[in-house]
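Coordinates from structure.csv are shown below (CSV, C-alpha atoms).
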chain,number,residue,atom,x,y,z
A,1,MET,CA,-8.9,7.6,39.1
A,2,GLN,CA,-5.2,6.9,39.4
A,3,LEU,CA,-5.6,4.0,37.0
A,4,ALA,CA,-7.4,6.3,34.5
A,5,ILE,CA,-4.5,8.9,34.8
A,6,LEU,CA,-1.9,6.2,34.3
A,7,SER,CA,-3.7,4.7,31.3
A,8,THR,CA,-3.9,8.2,29.7
A,9,ILE,CA,-0.2,8.8,30.3
A,10,LEU,CA,0.7,5.4,28.8
A,11,ALA,CA,-1.6,6.0,25.8
A,12,LEU,CA,-0.1,9.4,25.2
A,13,SER,CA,3.5,8.1,25.4
A,14,SER,CA,2.7,5.4,22.9
A,15,VAL,CA,1.4,8.0,20.5
A,16,ALA,CA,4.5,10.2,21.1
A,17,ALA,CA,6.7,7.2,20.3
A,18,ALA,CA,5.1,6.7,16.9
A,19,GLN,CA,5.9,8.9,13.9
A,20,GLU,CA,8.8,10.6,15.3
A,21,TYR,CA,10.4,11.5,12.0
A,22,LYS,CA,9.0,14.3,9.9
A,23,LEU,CA,9.8,16.0,6.6
A,24,GLY,CA,12.1,18.9,7.3
A,25,SER,CA,13.3,17.6,10.6
A,26,PRO,CA,16.3,15.6,11.6
A,27,VAL,CA,15.9,11.8,11.9
A,28,ALA,CA,17.2,10.6,15.2
A,29,ASP,CA,19.4,7.5,15.4
A,30,PHE,CA,17.7,4.1,15.1
A,31,THR,CA,18.9,0.5,15.1
A,32,VAL,CA,18.4,-2.2,12.4
A,33,ARG,CA,19.6,-5.8,12.2
A,34,ASP,CA,21.5,-7.3,9.2
A,35,LEU,CA,20.5,-10.7,7.9
A,36,GLN,CA,23.3,-12.3,9.9
A,37,GLY,CA,21.8,-10.9,13.1
A,38,GLU,CA,24.3,-8.1,13.8
A,39,THR,CA,22.8,-4.7,14.8
A,40,HIS,CA,23.7,-1.5,13.0
A,41,THR,CA,22.7,2.1,13.7
A,42,PHE,CA,21.5,4.8,11.3
A,43,ASN,CA,24.4,6.9,12.4
A,44,GLN,CA,26.9,4.2,11.4
A,45,LEU,CA,25.2,3.5,8.0
A,46,LYS,CA,24.3,7.0,6.9
A,47,GLY,CA,26.2,9.0,4.3
A,48,VAL,CA,26.2,12.6,3.1
A,49,ILE,CA,22.8,11.7,1.6
A,50,THR,CA,21.0,8.6,2.9
A,51,VAL,CA,18.0,6.8,1.3
A,52,VAL,CA,15.9,4.6,3.6
A,53,THR,CA,13.5,2.4,1.6
A,54,PHE,CA,11.0,-0.1,3.0
A,55,ILE,CA,10.7,-3.1,0.8
A,56,SER,CA,9.1,-6.5,0.8
A,57,VAL,CA,9.8,-10.1,-0.2
A,58,GLN,CA,6.3,-10.9,-1.3
A,59,CYS,CA,4.7,-7.6,-2.3
A,60,PRO,CA,4.3,-7.5,-6.1
A,61,VAL,CA,4.6,-3.7,-6.1
A,62,SER,CA,7.9,-3.8,-4.2
A,63,ASN,CA,9.2,-6.5,-6.5
A,64,ALA,CA,8.1,-4.5,-9.6
A,65,TYR,CA,10.7,-2.0,-8.4
A,66,ASN,CA,13.6,-4.5,-7.8
A,67,GLU,CA,15.4,-3.6,-11.0
A,68,ARG,CA,14.8,0.1,-10.5
A,69,MET,CA,16.2,-0.1,-7.0
A,70,LYS,CA,19.3,-1.8,-8.3
A,71,ALA,CA,19.7,0.9,-11.0
A,72,LEU,CA,19.3,3.6,-8.4
A,73,TYR,CA,22.0,2.0,-6.3
A,74,ALA,CA,24.3,1.6,-9.3
A,75,ASP,CA,23.8,5.2,-10.3
A,76,TYR,CA,24.0,7.0,-6.9
A,77,ALA,CA,26.1,4.9,-4.6
A,78,PRO,CA,29.2,6.0,-6.5
A,79,LYS,CA,28.2,9.5,-5.9
A,80,GLY,CA,28.3,9.0,-2.1
A,81,VAL,CA,24.6,8.3,-1.5
A,82,HIS,CA,24.1,5.6,1.1
A,83,PHE,CA,21.1,3.2,0.8
A,84,ILE,CA,19.4,1.5,3.7
A,85,PHE,CA,16.9,-1.0,2.4
A,86,LEU,CA,14.6,-2.2,5.3
A,87,ASN,CA,12.2,-5.1,5.6
A,88,ALA,CA,9.7,-4.3,8.4
A,89,ASN,CA,7.2,-7.1,7.6
A,90,SER,CA,6.6,-9.3,10.6
A,91,THR,CA,5.6,-12.0,8.2
A,92,GLU,CA,9.0,-12.1,6.4
A,93,PRO,CA,11.8,-13.6,8.5
A,94,ALA,CA,15.5,-12.8,7.9
A,95,ALA,CA,16.1,-16.1,6.1
A,96,ALA,CA,13.3,-15.3,3.6
A,97,VAL,CA,14.7,-11.8,3.1
A,98,GLU,CA,18.2,-13.1,2.5
A,99,HIS,CA,16.9,-15.7,0.0
A,100,HIS,CA,14.9,-13.0,-1.8
A,101,ALA,CA,17.9,-10.6,-1.9
A,102,LYS,CA,20.2,-13.3,-3.3
A,103,SER,CA,17.7,-14.6,-5.9
A,104,HIS,CA,17.2,-11.1,-7.2
A,105,GLY,CA,20.9,-10.3,-7.2
A,106,PHE,CA,20.6,-7.3,-4.9
A,107,PRO,CA,24.1,-5.6,-4.8
A,108,PHE,CA,23.1,-3.9,-1.6
A,109,PRO,CA,22.4,-5.2,1.9
A,110,VAL,CA,18.9,-5.5,3.2
A,111,TYR,CA,18.2,-5.0,7.0
A,112,LYS,CA,15.4,-6.2,9.2
A,113,ASP,CA,13.3,-3.8,11.2
A,114,ASP,CA,12.3,-6.0,14.1
A,115,GLY,CA,8.9,-5.2,15.5
A,116,ASN,CA,8.5,-2.5,12.8
A,117,LEU,CA,10.0,0.0,15.3
A,118,VAL,CA,11.7,2.0,12.6
A,119,ALA,CA,8.7,1.9,10.3
A,120,ASP,CA,6.6,3.3,13.2
A,121,ARG,CA,9.1,6.1,13.7
A,122,PHE,CA,8.9,7.0,10.0
A,123,ASN,CA,5.1,6.2,9.9
A,124,ALA,CA,5.9,4.1,6.9
A,125,GLN,CA,2.9,2.4,5.5
A,126,SER,CA,3.8,0.7,2.2
A,127,THR,CA,6.4,-1.2,0.3
A,128,PRO,CA,8.2,0.4,-1.4
A,129,GLU,CA,8.3,3.7,0.5
A,130,ALA,CA,11.4,5.9,0.4
A,131,TYR,CA,12.8,8.6,2.7
A,132,VAL,CA,15.9,10.7,1.9
A,133,MET,CA,18.0,12.5,4.5
A,134,ASP,CA,20.7,15.0,4.0
A,135,LYS,CA,24.1,15.2,5.7
A,136,SER,CA,22.5,16.7,8.8
A,137,SER,CA,20.0,13.8,8.9
A,138,VAL,CA,17.2,16.2,8.0
A,139,MET,CA,14.4,14.4,6.0
A,140,ARG,CA,14.2,16.1,2.6
A,141,TYR,CA,12.1,13.7,0.6
A,142,HIS,CA,9.4,11.1,1.4
A,143,GLY,CA,7.4,9.0,-0.9
A,144,SER,CA,7.6,6.8,-4.0
A,145,ILE,CA,10.5,5.9,-6.2
A,146,ASP,CA,8.5,7.1,-9.2
A,147,ASP,CA,4.8,7.5,-10.1
A,148,SER,CA,4.0,4.3,-11.8
A,149,GLN,CA,4.3,0.6,-11.0
A,150,GLN,CA,4.4,-0.1,-14.8
A,151,GLU,CA,7.6,1.3,-16.2
A,152,SER,CA,5.8,2.3,-19.4
A,153,GLY,CA,3.6,4.7,-17.4
A,154,ILE,CA,6.4,6.6,-15.5
A,155,ARG,CA,6.2,10.3,-15.9
A,156,ASN,CA,8.2,11.4,-12.8
A,157,GLN,CA,11.1,9.7,-11.3
A,158,TRP,CA,10.6,11.4,-8.0
A,159,LEU,CA,13.4,9.8,-6.0
A,160,ARG,CA,16.0,10.5,-8.7
A,161,LYS,CA,14.8,14.1,-8.9
A,162,ALA,CA,15.2,14.5,-5.2
A,163,LEU,CA,18.6,12.9,-5.2
A,164,ASP,CA,19.8,15.0,-8.2
A,165,ALA,CA,18.6,18.2,-6.5
A,166,MET,CA,20.3,17.4,-3.2
A,167,LEU,CA,23.5,16.4,-4.9
A,168,GLY,CA,23.4,19.7,-6.8
A,169,GLY,CA,22.8,21.7,-3.7
A,170,GLU,CA,19.3,22.6,-4.8
A,171,PRO,CA,16.1,22.3,-2.8
A,172,VAL,CA,13.9,19.3,-3.6
A,173,GLN,CA,11.0,20.6,-5.6
A,174,LYS,CA,8.5,17.9,-4.7
A,175,ALA,CA,9.4,16.8,-1.2
A,176,GLU,CA,6.4,14.5,-0.7
A,177,THR,CA,4.7,12.0,-3.0
A,178,LYS,CA,2.4,9.1,-2.7
A,179,ALA,CA,4.1,5.8,-1.8
A,180,PHE,CA,1.7,3.2,-3.2
A,181,GLY,CA,2.2,-0.5,-2.7
A,182,CYS,CA,1.4,-3.2,-0.1
A,183,THR,CA,0.8,-2.2,3.5
A,184,ILE,CA,3.6,-3.1,5.8
A,185,LYS,CA,2.7,-6.2,7.8
A,186,ARG,CA,3.0,-4.9,11.3
A,187,VAL,CA,3.2,-6.9,14.5
A,188,ARG,CA,-0.2,-6.9,16.3
A,189,LYS,CA,0.3,-5.1,19.6
A,190,SER,CA,-1.8,-6.4,22.5
A,191,LEU,CA,-2.9,-4.1,25.2
B,1,MET,CA,-24.5,-35.4,-25.8
B,2,LEU,CA,-26.6,-36.8,-23.0
B,3,LEU,CA,-23.6,-37.2,-20.8
B,4,LEU,CA,-22.5,-33.6,-21.5
B,5,SER,CA,-25.9,-32.3,-20.6
B,6,LEU,CA,-25.9,-34.3,-17.3
B,7,LEU,CA,-22.4,-33.0,-16.5
B,8,LEU,CA,-23.0,-29.3,-17.3
B,9,PRO,CA,-25.0,-28.4,-14.1
B,10,VAL,CA,-22.2,-29.8,-11.9
B,11,LEU,CA,-19.3,-28.2,-13.8
B,12,PRO,CA,-18.2,-25.0,-11.9
B,13,ALA,CA,-19.4,-21.9,-13.7
B,14,ALA,CA,-16.5,-19.9,-15.2
B,15,ALA,CA,-15.8,-16.7,-13.2
B,16,PRO,CA,-16.7,-13.6,-15.2
B,17,ALA,CA,-13.7,-11.8,-16.5
B,18,LEU,CA,-12.5,-8.6,-14.8
B,19,GLN,CA,-13.3,-5.5,-16.8
B,20,PRO,CA,-10.4,-3.1,-17.0
B,21,VAL,CA,-11.1,0.4,-15.6
B,22,ASP,CA,-9.2,3.6,-15.4
B,23,GLU,CA,-10.0,7.1,-14.0
B,24,ALA,CA,-12.8,7.6,-16.6
B,25,GLY,CA,-14.1,4.1,-16.0
B,26,VAL,CA,-14.5,4.7,-12.2
B,27,ARG,CA,-16.5,7.8,-13.0
B,28,GLN,CA,-18.7,5.9,-15.4
B,29,ILE,CA,-19.4,3.2,-12.8
B,30,LEU,CA,-20.4,5.9,-10.3
B,31,GLN,CA,-22.6,7.6,-12.9
B,32,ALA,CA,-24.2,4.3,-13.8
B,33,ASN,CA,-25.1,3.8,-10.1
B,34,ARG,CA,-26.5,7.3,-9.5
B,35,GLY,CA,-29.3,7.0,-7.0
B,36,LYS,CA,-27.5,4.2,-5.1
B,37,ILE,CA,-25.0,4.1,-2.3
B,38,VAL,CA,-21.8,2.8,-3.7
B,39,LEU,CA,-18.9,1.3,-1.8
B,40,PHE,CA,-15.8,1.0,-3.9
B,41,ASP,CA,-13.3,-1.6,-2.7
B,42,PHE,CA,-9.8,-1.5,-4.0
B,43,TRP,CA,-8.1,-4.8,-3.3
B,44,ALA,CA,-5.6,-7.4,-4.6
B,45,THR,CA,-5.1,-11.1,-4.3
B,46,TRP,CA,-1.7,-10.4,-2.8
B,47,CYS,CA,-3.2,-8.2,-0.1
B,48,ASP,CA,-4.0,-10.4,2.9
B,49,PRO,CA,-6.2,-7.8,4.8
B,50,CYS,CA,-8.1,-7.1,1.5
B,51,ARG,CA,-9.0,-10.8,1.2
B,52,ALA,CA,-9.8,-11.0,4.9
B,53,GLU,CA,-12.3,-8.2,4.9
B,54,LEU,CA,-14.1,-9.0,1.7
B,55,PRO,CA,-16.6,-11.5,3.1
B,56,ALA,CA,-17.8,-8.9,5.6
B,57,LEU,CA,-18.3,-6.4,2.8
B,58,VAL,CA,-20.3,-9.0,0.8
B,59,LYS,CA,-22.5,-9.5,3.9
B,60,LEU,CA,-23.0,-5.7,4.2
B,61,GLU,CA,-24.1,-5.5,0.6
B,62,GLU,CA,-26.5,-8.4,1.1
B,63,LYS,CA,-28.0,-6.8,4.2
B,64,TYR,CA,-28.6,-3.4,2.5
B,65,ARG,CA,-29.0,-4.3,-1.1
B,66,SER,CA,-32.7,-3.6,-0.9
B,67,ARG,CA,-31.9,-0.1,0.3
B,68,GLY,CA,-29.7,0.5,-2.7
B,69,VAL,CA,-26.2,-0.3,-1.5
B,70,VAL,CA,-23.8,-1.6,-4.1
B,71,LEU,CA,-20.4,-3.1,-3.6
B,72,VAL,CA,-18.0,-2.4,-6.5
B,73,THR,CA,-14.7,-4.3,-6.3
B,74,ILE,CA,-11.7,-3.1,-8.3
B,75,SER,CA,-8.7,-5.4,-8.3
B,76,CYS,CA,-5.2,-3.9,-8.3
B,77,ASP,CA,-3.7,-7.1,-9.5
B,78,SER,CA,-1.4,-7.5,-12.5
B,79,PRO,CA,-3.0,-8.9,-15.7
B,80,ASP,CA,-1.6,-12.4,-15.2
B,81,SER,CA,-3.4,-12.6,-11.8
B,82,GLY,CA,-6.8,-11.7,-13.3
B,83,ARG,CA,-8.1,-15.3,-13.3
B,84,ALA,CA,-7.1,-15.8,-9.7
B,85,ALA,CA,-8.7,-12.6,-8.7
B,86,ALA,CA,-12.0,-13.4,-10.5
B,87,GLY,CA,-12.0,-16.9,-8.9
B,88,PHE,CA,-11.5,-15.4,-5.5
B,89,LEU,CA,-14.3,-12.9,-6.0
B,90,ARG,CA,-16.7,-15.6,-7.2
B,91,LYS,CA,-15.8,-17.9,-4.3
B,92,THR,CA,-16.3,-15.1,-1.8
B,93,GLY,CA,-19.8,-14.4,-3.2
B,94,VAL,CA,-19.1,-11.0,-4.7
B,95,ARG,CA,-21.7,-10.1,-7.3
B,96,PRO,CA,-20.4,-9.3,-10.8
B,97,PRO,CA,-19.4,-7.2,-12.6
B,98,PHE,CA,-15.8,-7.4,-11.5
B,99,TYR,CA,-13.3,-4.7,-12.3
B,100,ILE,CA,-9.5,-4.5,-12.5
B,101,LYS,CA,-7.4,-1.3,-12.5
B,102,ARG,CA,-5.6,-0.7,-15.8
B,103,VAL,CA,-4.0,2.7,-15.8
B,104,GLN,CA,-1.1,4.4,-17.4
B,105,ASN,CA,0.1,6.3,-14.3
B,106,ASP,CA,-0.6,5.1,-10.8
B,107,GLU,CA,-0.2,8.4,-9.1
B,108,ASP,CA,-2.7,10.2,-11.4
B,109,PHE,CA,-5.2,7.4,-10.8
B,110,ILE,CA,-4.8,7.5,-7.0
B,111,ASN,CA,-5.2,11.2,-6.9
B,112,SER,CA,-8.3,11.0,-9.1
B,113,VAL,CA,-10.0,8.8,-6.5
B,114,ASP,CA,-8.9,10.7,-3.4
B,115,VAL,CA,-5.9,13.0,-3.0
B,116,LYS,CA,-5.6,11.8,0.6
B,117,TRP,CA,-5.2,8.2,-0.5
B,118,SER,CA,-1.6,7.0,-0.5
B,119,GLY,CA,-2.5,4.1,-2.8
B,120,ALA,CA,-2.0,1.5,-0.1
B,121,LEU,CA,-4.5,-1.4,0.0
B,122,PRO,CA,-7.1,-2.1,1.2
B,123,ALA,CA,-8.9,1.1,0.6
B,124,LEU,CA,-12.7,1.7,0.6
B,125,PHE,CA,-14.5,4.7,-0.7
B,126,LEU,CA,-18.2,5.4,0.0
B,127,TYR,CA,-20.3,7.5,-2.3
B,128,ASP,CA,-23.8,8.8,-1.6
B,129,ARG,CA,-26.8,8.6,-3.9
B,130,ALA,CA,-25.7,11.8,-5.6
B,131,GLY,CA,-22.3,10.4,-6.4
B,132,THR,CA,-20.5,12.5,-3.8
B,133,ARG,CA,-17.8,10.9,-1.7
B,134,ALA,CA,-19.1,10.4,1.8
B,135,GLY,CA,-16.1,8.5,3.3
B,136,SER,CA,-12.7,7.1,2.7
B,137,PHE,CA,-11.3,4.1,4.7
B,138,PHE,CA,-7.6,3.3,4.4
B,139,GLY,CA,-6.1,0.1,5.6
B,140,GLU,CA,-8.0,-2.6,7.5
B,141,THR,CA,-11.3,-1.2,8.5
B,142,ASP,CA,-13.8,-2.8,10.9
B,143,SER,CA,-17.0,-3.5,9.0
B,144,VAL,CA,-19.0,-2.0,11.9
B,145,GLU,CA,-17.4,1.4,11.0
B,146,ILE,CA,-18.4,0.9,7.4
B,147,GLU,CA,-21.9,-0.1,8.3
B,148,ARG,CA,-22.2,3.0,10.5
B,149,ALA,CA,-21.1,5.2,7.6
B,150,ILE,CA,-23.5,3.6,5.2
B,151,SER,CA,-26.4,4.0,7.7
B,152,LYS,CA,-25.7,7.7,7.9
B,153,LEU,CA,-26.6,7.9,4.2
B,154,PHE,CA,-30.1,6.5,4.8
B,155,PRO,CA,-32.9,9.1,5.2
Could the structure of this file be written out as structure tokens, please?
Amino acid sequence: MQLAILSTILALSSVAAAQEYKLGSPVADFTVRDLQGETHTFNQLKGVITVVTFISVQCPVSNAYNERMKALYADYAPKGVHFIFLNANSTEPAAAVEHHAKSHGFPFPVYKDDGNLVADRFNAQSTPEAYVMDKSSVMRYHGSIDDSQQESGIRNQWLRKALDAMLGGEPVQKAETKAFGCTIKRVRKSL
Amino acid sequence: MLLLSLLLPVLPAAAPALQPVDEAGVRQILQANRGKIVLFDFWATWCDPCRAELPALVKLEEKYRSRGVVLVTISCDSPDSGRAAAGFLRKTGVRPPFYIKRVQNDEDFINSVDVKWSGALPALFLYDRAGTRAGSFFGETDSVEIERAISKLFP
């Protein structure tokens, strides 16, 4: 009986630990690791507006967005937007992430989310998948960078629209969109 | 000529090409299979869980083919991976025709299949004999769960 109660408590606490961050609510501090092994916290990295984007080394969808992510960084970093690009794939070690970033000429740092702990708190499922927080760390946008992997098919640049709205002090019209791409390769948790 | 005719049986058969489909194409496939239980499998060569689960889906179709179950695979690969995708499907024993997603706008396509689908792969969608969606399975799904859902559609 006691074992059953303990098992239930443990199961419920593991559920409570997952998906902590929700749209419209503040994102609590979290820790990531840079590719040299140093840890950084969200509170250290965040700006007036902060974009957290989960990306991948191998995912063709994520890689289809490499140039668009570089353009976003070039356009919005000078406006005070901070970008945190995260690799949460257990199958992609820091060395591979570093090589990928260099070979694609990323002007921004990419961090590792060890054990996909941050991905779990965001309930991030895909790469690429973006989250935008305001100066109070409240999540104001979650979803895709735009609505088409093929650039010729883009009709809505959702992330740009969200950033423009927030920079202009306006509410984000479409706060949640579909983040299509490759599933994040999570560590397999054993019971 | 004699040598060629001797060689032909041992040469590997070319994998059928993947037929491009969009929103209308998916509806047409469903219409063409009215009266059958259709399991759509959205997958890609770069999706490890997709490749891992396909053999089990092939076995499910084989088991229930006589009861009208059809597996329809739709690759979400880019055009230059079409040959690799077709080769993998053939090697895995998937019955043609093979399809590949070719759409203008990904979000519109995803919503046309299921508004609850994020677009992440793998994704399976089960349709009953009337063409009504009977189940959506996102991410890696145990084939036992799929089989259970299929069985519910038998009289």
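Between atom CA of A:Leu117 and atom CA of A:Tyr76 there is a distance of 27.2 Å.
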Could you list, as a compact mmCIF listing (two decimals) with C-alpha atoms, in the frame of the given file, every residue of chain A that has an atom within 9 Å of an atom of chain B, counting all atoms listed in the file?
# COMPACT_ATOMS: atom_id res chain seq x y z
CA GLN A 58 6.30 -10.90 -1.30
CA CYS A 59 4.70 -7.60 -2.30
CA PRO A 60 4.30 -7.50 -6.10
CA GLN A 125 2.90 2.40 5.50
CA SER A 126 3.80 0.70 2.20
CA THR A 127 6.40 -1.20 0.30
CA ASP A 146 8.50 7.10 -9.20
CA ASP A 147 4.80 7.50 -10.10
CA SER A 148 4.00 4.30 -11.80
CA GLN A 149 4.30 0.60 -11.00
CA GLN A 150 4.40 -0.10 -14.80
CA SER A 152 5.80 2.30 -19.40
CA GLY A 153 3.60 4.70 -17.40
CA ILE A 154 6.40 6.60 -15.50
CA ARG A 155 6.20 10.30 -15.90
CA THR A 177 4.70 12.00 -3.00
CA LYS A 178 2.40 9.10 -2.70
CA ALA A 179 4.10 5.80 -1.80
CA PHE A 180 1.70 3.20 -3.20
CA GLY A 181 2.20 -0.50 -2.70
CA CYS A 182 1.40 -3.20 -0.10
CA THR A 183 0.80 -2.20 3.50
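Interatomic distance, atom CA of B:Leu54 to atom CA of B:Thr92: 7.4 Å.
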How many Å separate atom CA of A:Gly169 from atom CA of A:Phe83?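 One can read the atom CA of A:Gly169 to atom CA of A:Phe83 distance as 19.1 Å.
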Show me, as a PyMOL selection string, the residues that have an atom within 12 Å of stretch 94-96 of chain B when counting only C-alpha atoms, minus same-chain residues fewer than 2 positions from it. chain B and resi 15-19+41+51+54-62+65+70-74+85-92+98-99
Using all atoms listed in the file, which of the listed residues (A:Asn123, A:Thr39, A:Thr31, A:Asn87) sits closest to A:Val110?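 That would be A:Asn87, the residue with the smallest distance to A:Val110.
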Within 8 Å of stretch 92-97 of chain A, counting all atoms listed in the file, which residues qualify if same-chain residues fewer than 4 places away don't, as a ChimeraX atom specification? /A:35,56-57,87,101,110,112
Just to be explicit: take each residue in the selection above, keep C-alpha atoms, and write the result as a PDB file, keeping the file's coordinate frame.
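Written output follows (again-v2.pdb):
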ATOM      1  CA  LEU A  35      20.500 -10.700   7.900  1.00  0.00           C
ATOM      2  CA  SER A  56       9.100  -6.500   0.800  1.00  0.00           C
ATOM      3  CA  VAL A  57       9.800 -10.100  -0.200  1.00  0.00           C
ATOM      4  CA  ASN A  87      12.200  -5.100   5.600  1.00  0.00           C
ATOM      5  CA  ALA A 101      17.900 -10.600  -1.900  1.00  0.00           C
ATOM      6  CA  VAL A 110      18.900  -5.500   3.200  1.00  0.00           C
ATOM      7  CA  LYS A 112      15.400  -6.200   9.200  1.00  0.00           C
TER       8      LYS A 112
END
For A:Asn43, please output as a CSV table (one decimal) with C-alpha atoms, keeping the file's coordinate frame all residues within 10 Å (counting all atoms listed in the file; exclusion window: fewer than 6 positions along the same chain).
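Produced file out-v8.csv, reproduced below:
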chain,number,residue,atom,x,y,z
A,27,VAL,CA,15.9,11.8,11.9
A,28,ALA,CA,17.2,10.6,15.2
A,29,ASP,CA,19.4,7.5,15.4
A,30,PHE,CA,17.7,4.1,15.1
A,31,THR,CA,18.9,0.5,15.1
A,137,SER,CA,20.0,13.8,8.9
Could you give me, as an NGL selection string, the residues within 12 Å of B:Leu30, counting all atoms listed in the file and dropping anything in the same chain fewer than 2 positions from it? :B and (23-28 or 32-40 or 70-72 or 113 or 125-133)
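Residues surrounding A:Ala74 within 12 Å are A:Glu67, A:Arg68, A:Met69, A:Lys79, A:Gly80, A:Val81, A:His82, A:Phe83, A:Phe106, A:Pro107, A:Phe108 [only C-alpha atoms; sequence separation below 5 positions excluded].
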Using only C-alpha atoms, which of the listed residues (A:Glu98, A:Asp75, A:Asp134, A:Glu176) sits closest to A:Leu23?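 Using only C-alpha atoms, the shortest distance to A:Leu23 belongs to A:Glu176.
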Once you count only C-alpha atoms, which residues end up no further than 12 Å from (8.0, 5.6, 12.7) in the file's frame, shown as a PyMOL selection string? chain A and resi 14-22+27-30+54+88+113+115-125+131+184+186
Using only C-alpha atoms, the residue out of A:Val187, A:Val132, A:Val138, A:Ile55 with shortest distance to A:Arg160 is A:Val132
